[in-house]
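Written out below as structure tokens is the structure these notes cover.
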Amino acid sequence: MLTQKTRYSMLAMAKLAKEYGKGTLMINEIAESEKIPKRFLESILLELKKNGYLGSKLGKNGGYYLMKNPQDVSLLDIVQLFEGSIAMLKCTSEKYYQPCEHCKDEATCEIKHTFGDIRDYTLKRLASTSIASLVK
């Protein structure tokens, strides 16, 4: 299950994608329109900025803006930034693999193979979905 932080980051990124190329959005605008607590949103936007997804400007016309075209930012980018692994089981994770404590033989374990397939589908689906596609 996705954390609230990841969910809010997707909402904020979709809002910024909708305004891409039109200038900056103030944190208050994003928080109010997406119903995200401002304090929580501040830390999310800073993390997105630190990782190169957002830029910011100070001053009267200041706020946040997307550094990349919304078509070039996938949901996989955002989910991996805030969640880390996509896999539901440690033994199926590519980046955070740990052997299964219950498995007698990982090579023949149907649970591992099933959840490996789920991981692969999820990775493919998230990678092929841009934040631009979240904008209506």
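Naming works like this for the structure tokens: A, B, ... for the chains as they're shown, residue 1 at the start of each chain, ligands 1 onward in shown order.
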Exercise. Do you know which residues are at most 10 Å from Gly52 of chain A counting only C-alpha atoms, after dropping those on the same chain fewer than 5 positions away, and could you put them as number ranges by chain?
Worked result: A: 46-47, 66-68
Now that the selection is made, can you save its residues with N, CA and C atoms as an mmCIF file, in the first residue's frame?
data_model
loop_
_atom_site.group_PDB
_atom_site.id
_atom_site.type_symbol
_atom_site.label_atom_id
_atom_site.label_comp_id
_atom_site.auth_asym_id
_atom_site.auth_seq_id
_atom_site.Cartn_x
_atom_site.Cartn_y
_atom_site.Cartn_z
ATOM 1 N N LEU A 46 10.073 19.890 -1.037
ATOM 2 C CA LEU A 46 11.523 20.021 -0.849
ATOM 3 C C LEU A 46 12.257 18.761 -1.297
ATOM 4 N N GLU A 47 11.692 17.604 -1.002
ATOM 5 C CA GLU A 47 12.314 16.350 -1.421
ATOM 6 C C GLU A 47 12.288 16.208 -2.941
ATOM 7 N N LEU A 66 7.744 22.621 -12.321
ATOM 8 C CA LEU A 66 8.383 21.379 -12.777
ATOM 9 C C LEU A 66 9.656 21.702 -13.547
ATOM 10 N N MET A 67 10.715 20.973 -13.249
ATOM 11 C CA MET A 67 11.984 21.122 -13.956
ATOM 12 C C MET A 67 12.004 20.283 -15.237
ATOM 13 N N LYS A 68 11.156 19.282 -15.297
ATOM 14 C CA LYS A 68 11.120 18.380 -16.447
ATOM 15 C C LYS A 68 9.738 18.424 -17.078
#
For this session: List every residue of chain A that DSSP, applied to the backbone, labels as strand (DSSP E), and write the result as JSON, numbers by chain.
Result: {"A": [54, 55, 56, 57, 63, 64, 65, 66]}
Problem set entry | Residues flagged alpha helix (DSSP H) by DSSP in segment 14-134 of chain A, as JSON, numbers by chain | {"A": [14, 15, 16, 17, 18, 27, 28, 29, 30, 31, 32, 33, 34, 38, 39, 40, 41, 42, 43, 44, 45, 46, 47, 48, 49, 50, 75, 76, 77, 78, 79, 80, 81, 82, 83, 110, 111, 112, 113, 114, 115, 116, 117, 118, 119, 120, 121, 122, 123, 124, 125, 126, 127]}
Exercise. Between A:Tyr53, A:Leu76, A:Ile27, A:Lys60, which has the minimum distance to Tyr121 of chain A (counting only C-alpha atoms)?
Worked result: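 Using only C-alpha atoms, the shortest distance to Tyr121 of chain A belongs to A:Leu76.
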Exercise. Which residues come within 12 Å of segment 122-135 of chain A, counting only C-alpha atoms, excluding same-chain residues fewer than 3 positions away, as a VMD selection string?
Worked result: chain A and resid 9 to 20 53 66 68 to 80 85 to 88 93 to 94 115 to 119
Please produce a file of the residues just selected, as an mmCIF file, in the first residue's frame, where the atoms kept are N, CA and C atoms.
data_model
loop_
_atom_site.group_PDB
_atom_site.id
_atom_site.type_symbol
_atom_site.label_atom_id
_atom_site.label_comp_id
_atom_site.auth_asym_id
_atom_site.auth_seq_id
_atom_site.Cartn_x
_atom_site.Cartn_y
_atom_site.Cartn_z
ATOM 1 N N SER A 9 2.400 13.327 -3.053
ATOM 2 C CA SER A 9 3.400 13.754 -4.037
ATOM 3 C C SER A 9 2.850 13.617 -5.456
ATOM 4 N N MET A 10 2.092 12.561 -5.715
ATOM 5 C CA MET A 10 1.493 12.392 -7.038
ATOM 6 C C MET A 10 0.453 13.471 -7.310
ATOM 7 N N LEU A 11 -0.350 13.808 -6.305
ATOM 8 C CA LEU A 11 -1.343 14.871 -6.469
ATOM 9 C C LEU A 11 -0.676 16.215 -6.745
ATOM 10 N N ALA A 12 0.382 16.513 -5.996
ATOM 11 C CA ALA A 12 1.104 17.777 -6.179
ATOM 12 C C ALA A 12 1.758 17.820 -7.562
ATOM 13 N N MET A 13 2.374 16.729 -7.966
ATOM 14 C CA MET A 13 3.022 16.688 -9.273
ATOM 15 C C MET A 13 2.002 16.817 -10.411
ATOM 16 N N ALA A 14 0.832 16.216 -10.248
ATOM 17 C CA ALA A 14 -0.222 16.351 -11.260
ATOM 18 C C ALA A 14 -0.690 17.806 -11.353
ATOM 19 N N LYS A 15 -0.830 18.465 -10.227
ATOM 20 C CA LYS A 15 -1.219 19.880 -10.215
ATOM 21 C C LYS A 15 -0.162 20.727 -10.915
ATOM 22 N N LEU A 16 1.099 20.478 -10.614
ATOM 23 C CA LEU A 16 2.184 21.213 -11.264
ATOM 24 C C LEU A 16 2.260 20.885 -12.762
ATOM 25 N N ALA A 17 1.945 19.658 -13.136
ATOM 26 C CA ALA A 17 1.933 19.264 -14.546
ATOM 27 C C ALA A 17 0.847 20.030 -15.297
ATOM 28 N N LYS A 18 -0.272 20.219 -14.643
ATOM 29 C CA LYS A 18 -1.388 20.951 -15.261
ATOM 30 C C LYS A 18 -0.986 22.397 -15.568
ATOM 31 N N GLU A 19 -0.110 22.939 -14.754
ATOM 32 C CA GLU A 19 0.326 24.329 -14.920
ATOM 33 C C GLU A 19 1.700 24.441 -15.588
ATOM 34 N N TYR A 20 2.207 23.334 -16.116
ATOM 35 C CA TYR A 20 3.543 23.310 -16.703
ATOM 36 C C TYR A 20 3.687 24.379 -17.794
ATOM 37 N N TYR A 53 13.261 17.177 -9.571
ATOM 38 C CA TYR A 53 11.973 17.210 -10.256
ATOM 39 C C TYR A 53 11.351 18.597 -10.260
ATOM 40 N N LEU A 66 7.744 22.621 -12.321
ATOM 41 C CA LEU A 66 8.383 21.379 -12.777
ATOM 42 C C LEU A 66 9.656 21.702 -13.547
ATOM 43 N N LYS A 68 11.156 19.282 -15.297
ATOM 44 C CA LYS A 68 11.120 18.380 -16.447
ATOM 45 C C LYS A 68 9.738 18.424 -17.078
ATOM 46 N N ASN A 69 9.693 18.091 -18.331
ATOM 47 C CA ASN A 69 8.416 17.971 -19.009
ATOM 48 C C ASN A 69 7.600 16.883 -18.305
ATOM 49 N N PRO A 70 6.308 17.123 -18.052
ATOM 50 C CA PRO A 70 5.482 16.122 -17.367
ATOM 51 C C PRO A 70 5.438 14.765 -18.079
ATOM 52 N N GLN A 71 5.656 14.760 -19.392
ATOM 53 C CA GLN A 71 5.690 13.497 -20.142
ATOM 54 C C GLN A 71 6.916 12.665 -19.779
ATOM 55 N N ASP A 72 7.961 13.341 -19.242
ATOM 56 C CA ASP A 72 9.230 12.667 -18.951
ATOM 57 C C ASP A 72 9.366 12.216 -17.497
ATOM 58 N N VAL A 73 8.325 12.405 -16.710
ATOM 59 C CA VAL A 73 8.347 11.977 -15.309
ATOM 60 C C VAL A 73 7.283 10.888 -15.145
ATOM 61 N N SER A 74 7.728 9.702 -14.780
ATOM 62 C CA SER A 74 6.780 8.586 -14.637
ATOM 63 C C SER A 74 6.338 8.436 -13.186
ATOM 64 N N LEU A 75 5.248 7.722 -13.034
ATOM 65 C CA LEU A 75 4.801 7.385 -11.679
ATOM 66 C C LEU A 75 5.842 6.509 -10.991
ATOM 67 N N LEU A 76 6.565 5.717 -11.759
ATOM 68 C CA LEU A 76 7.623 4.897 -11.182
ATOM 69 C C LEU A 76 8.689 5.777 -10.525
ATOM 70 N N ASP A 77 9.050 6.887 -11.174
ATOM 71 C CA ASP A 77 10.024 7.815 -10.591
ATOM 72 C C ASP A 77 9.569 8.276 -9.212
ATOM 73 N N ILE A 78 8.311 8.665 -9.129
ATOM 74 C CA ILE A 78 7.772 9.221 -7.882
ATOM 75 C C ILE A 78 7.627 8.140 -6.819
ATOM 76 N N VAL A 79 7.074 7.004 -7.203
ATOM 77 C CA VAL A 79 6.865 5.919 -6.232
ATOM 78 C C VAL A 79 8.203 5.431 -5.688
ATOM 79 N N GLN A 80 9.185 5.244 -6.552
ATOM 80 C CA GLN A 80 10.482 4.767 -6.070
ATOM 81 C C GLN A 80 11.176 5.801 -5.190
ATOM 82 N N SER A 85 11.360 0.304 -2.732
ATOM 83 C CA SER A 85 11.049 -0.902 -3.487
ATOM 84 C C SER A 85 9.584 -0.940 -3.925
ATOM 85 N N ILE A 86 9.373 -1.504 -5.105
ATOM 86 C CA ILE A 86 8.028 -1.729 -5.626
ATOM 87 C C ILE A 86 7.530 -3.115 -5.206
ATOM 88 N N ALA A 87 8.452 -4.008 -4.978
ATOM 89 C CA ALA A 87 8.118 -5.402 -4.671
ATOM 90 C C ALA A 87 7.364 -5.519 -3.351
ATOM 91 N N MET A 88 6.426 -6.460 -3.316
ATOM 92 C CA MET A 88 5.655 -6.709 -2.106
ATOM 93 C C MET A 88 6.369 -7.678 -1.167
ATOM 94 N N SER A 93 12.354 -8.386 -4.672
ATOM 95 C CA SER A 93 12.872 -7.040 -4.923
ATOM 96 C C SER A 93 14.178 -7.098 -5.698
ATOM 97 N N GLU A 94 14.311 -6.238 -6.692
ATOM 98 C CA GLU A 94 15.553 -6.186 -7.454
ATOM 99 C C GLU A 94 16.606 -5.353 -6.730
ATOM 100 N N PHE A 115 4.593 -13.344 -7.124
ATOM 101 C CA PHE A 115 4.826 -11.959 -6.709
ATOM 102 C C PHE A 115 5.931 -11.283 -7.532
ATOM 103 N N GLY A 116 6.791 -12.067 -8.139
ATOM 104 C CA GLY A 116 7.757 -11.526 -9.093
ATOM 105 C C GLY A 116 7.049 -11.018 -10.342
ATOM 106 N N ASP A 117 6.064 -11.787 -10.814
ATOM 107 C CA ASP A 117 5.257 -11.356 -11.964
ATOM 108 C C ASP A 117 4.478 -10.077 -11.639
ATOM 109 N N ILE A 118 3.935 -10.014 -10.439
ATOM 110 C CA ILE A 118 3.197 -8.814 -10.005
ATOM 111 C C ILE A 118 4.140 -7.614 -9.976
ATOM 112 N N ARG A 119 5.343 -7.812 -9.438
ATOM 113 C CA ARG A 119 6.335 -6.735 -9.414
ATOM 114 C C ARG A 119 6.657 -6.275 -10.831
#
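With atom CA of Leu48 of chain A on one side and atom CA of Lys35 of chain A on the other, the separation reads 18.4 Å.
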Problem set entry | Distance criterion (only C-alpha atoms): nearest to Asn28 of chain A out of A:Lys112, A:Gly62, A:Gly55, A:His102 | A:Gly62
Exercise. At what distance in Å, to one decimal, does atom CA of Tyr64 of chain A lie from atom CA of Leu81 of chain A?
Worked result: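 Distance between the two atoms: 18.4 Å.
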